[in-house]
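Below is one structure; the comments refer to it alone.
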Amino acid sequence: DFCLSRGLGDVYKRQGYKYDEAAVLNSWESVVGKMIAQKTTKVFINKKVLYLTLSSAPLKNELRYHKLVLIEKVNSYAKKEIINDINFY
């Protein structure tokens with residue numbers, strides 16, 4: 001019983017985490033604003049890293065300088081730490 005309940009708890013935590021990721025990605029415009037969302041061509045999260053592909057090189061460079069602010073925005077929206085790094089493409 002103990003091992004089964006702990007195993008189910010781990011599955012629930014992983015699924016809850018994926019739900020939080022999906023909520024952020026589905027609300028991308030609300031998280032980052034319309035201008036950044038319009039320039040985003042691809043966005044996904046894997047192992048607490050946000051992978052962000054942007055169509056604007058100047059915006060990509062600007063966001064690199066504000067990486068910590070963007071991480072805080074994403075985590076604040078999720079109300080927990082779901083990312084700890086961002087890779088820009």
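By order in the structure tokens, chains are A, B, ...; within a chain, residues start at 1; ligands start at 1, following the order shown.
Residues with any atom within 8 Å of segment 38-53 of chain A, counting only C-alpha atoms and excluding same-chain neighbours fewer than 6 positions away, are Glu21, Leu25, Ile82, Ile83, Asn84, Asp85, Ile86, Asn87, Phe88 and Tyr89 of chain A.
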Keeping only C-alpha atoms, write the selected residues to a file as a compact mmCIF listing (two decimals), in the first residue's frame.
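The new file out-v4.txt reads:
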```txt
# COMPACT_ATOMS: atom_id res chain seq x y z
CA GLU A 21 3.37 23.95 -18.11
CA LEU A 25 2.00 27.81 -22.82
CA ILE A 82 8.16 25.59 -13.50
CA ILE A 83 11.24 26.93 -15.30
CA ASN A 84 14.73 27.89 -14.17
CA ASP A 85 16.33 28.69 -17.54
CA ILE A 86 15.48 29.86 -21.06
CA ASN A 87 17.12 28.89 -24.34
CA PHE A 88 16.52 31.35 -27.17
CA TYR A 89 16.47 30.38 -30.86
```
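Proximity to Glu72 of chain A was assessed for A:Val32, A:Ser27, A:Leu54, A:Lys60 counting only C-alpha atoms; the smallest distance is recorded for A:Val32.
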- Message: I want to know what sits within 12 Å of Ser30 of chain A, based on only C-alpha atoms, with residues of the same chain fewer than 5 positions away left out; could you give that as an NGL selection string?
- Response: :A and (23-25 or 35-38 or 73-74 or 76-78)
Could you write out the selected residues, including C-alpha atoms, as a PDB file, in the first residue's frame?
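Wrote again.pdb, looks like this:
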```
ATOM      1  CA  ALA A  23      -1.482  26.372 -18.700  1.00  0.00           C
ATOM      2  CA  VAL A  24       1.459  28.769 -19.181  1.00  0.00           C
ATOM      3  CA  LEU A  25       1.997  27.806 -22.818  1.00  0.00           C
ATOM      4  CA  MET A  35       4.148  41.965 -28.919  1.00  0.00           C
ATOM      5  CA  ILE A  36       6.377  39.124 -27.679  1.00  0.00           C
ATOM      6  CA  ALA A  37       3.650  36.547 -28.329  1.00  0.00           C
ATOM      7  CA  GLN A  38       3.294  37.728 -31.939  1.00  0.00           C
ATOM      8  CA  LYS A  73       7.047  36.296 -15.169  1.00  0.00           C
ATOM      9  CA  VAL A  74       6.524  32.682 -16.235  1.00  0.00           C
ATOM     10  CA  SER A  76       4.733  34.038 -11.258  1.00  0.00           C
ATOM     11  CA  TYR A  77       1.970  33.218 -13.739  1.00  0.00           C
ATOM     12  CA  ALA A  78       2.203  29.519 -12.788  1.00  0.00           C
TER      13      ALA A  78
END
```
- Message: Taking the DSSP secondary structure from the backbone, can you list the residues of chain A that are helix (DSSP H, G or I), as a PyMOL selection string?
- Response: chain A and resi 2-26+28-32+34-39+57-65+67-78
Store the residues picked out above in a file with C-alpha atoms, as a compact mmCIF listing (two decimals), in the first residue's frame.
```
# COMPACT_ATOMS: atom_id res chain seq x y z
CA PHE A 2 2.70 2.48 1.00
CA CYS A 3 4.73 1.99 -2.18
CA LEU A 4 1.63 2.16 -4.37
CA SER A 5 0.40 5.39 -2.82
CA ARG A 6 3.85 6.96 -3.06
CA GLY A 7 4.11 5.86 -6.71
CA LEU A 8 0.70 7.33 -7.49
CA GLY A 9 1.71 10.53 -5.70
CA ASP A 10 4.78 10.80 -7.94
CA VAL A 11 2.65 10.30 -11.06
CA TYR A 12 0.21 12.94 -9.83
CA LYS A 13 3.06 15.41 -9.21
CA ARG A 14 4.43 14.87 -12.73
CA GLN A 15 0.99 15.24 -14.29
CA GLY A 16 0.28 18.35 -12.21
CA TYR A 17 3.58 19.82 -13.34
CA LYS A 18 2.70 19.13 -16.99
CA TYR A 19 -0.68 20.77 -16.41
CA ASP A 20 1.05 23.90 -15.08
CA GLU A 21 3.37 23.95 -18.11
CA ALA A 22 0.42 23.59 -20.48
CA ALA A 23 -1.48 26.37 -18.70
CA VAL A 24 1.46 28.77 -19.18
CA LEU A 25 2.00 27.81 -22.82
CA ASN A 26 -1.71 28.06 -23.64
CA TRP A 28 1.49 32.67 -23.63
CA GLU A 29 0.13 36.08 -24.72
CA SER A 30 -1.16 36.79 -21.21
CA VAL A 31 2.21 35.80 -19.73
CA VAL A 32 4.53 37.82 -22.00
CA LYS A 34 0.96 40.68 -27.24
CA MET A 35 4.15 41.96 -28.92
CA ILE A 36 6.38 39.12 -27.68
CA ALA A 37 3.65 36.55 -28.33
CA GLN A 38 3.29 37.73 -31.94
CA LYS A 39 7.04 37.28 -32.49
CA ALA A 57 16.60 38.89 -33.81
CA PRO A 58 16.54 42.28 -32.02
CA LEU A 59 13.78 41.05 -29.69
CA LYS A 60 15.69 37.84 -29.04
CA ASN A 61 18.76 39.85 -28.02
CA GLU A 62 16.67 42.15 -25.83
CA LEU A 63 15.02 39.21 -24.05
CA ARG A 64 18.41 37.61 -23.41
CA TYR A 65 19.28 40.69 -21.32
CA LYS A 67 16.09 36.59 -19.08
CA LEU A 68 15.67 36.61 -15.27
CA VAL A 69 12.65 38.92 -15.53
CA LEU A 70 11.04 36.60 -18.09
CA ILE A 71 11.72 33.55 -15.90
CA GLU A 72 10.07 35.38 -12.99
CA LYS A 73 7.05 36.30 -15.17
CA VAL A 74 6.52 32.68 -16.23
CA ASN A 75 6.91 31.30 -12.71
CA SER A 76 4.73 34.04 -11.26
CA TYR A 77 1.97 33.22 -13.74
CA ALA A 78 2.20 29.52 -12.79
```
- Give the strand (DSSP E or B) residues of chain A, as assigned by DSSP on the backbone, as a ChimeraX atom specification. /A:40-46,49-54,85-88
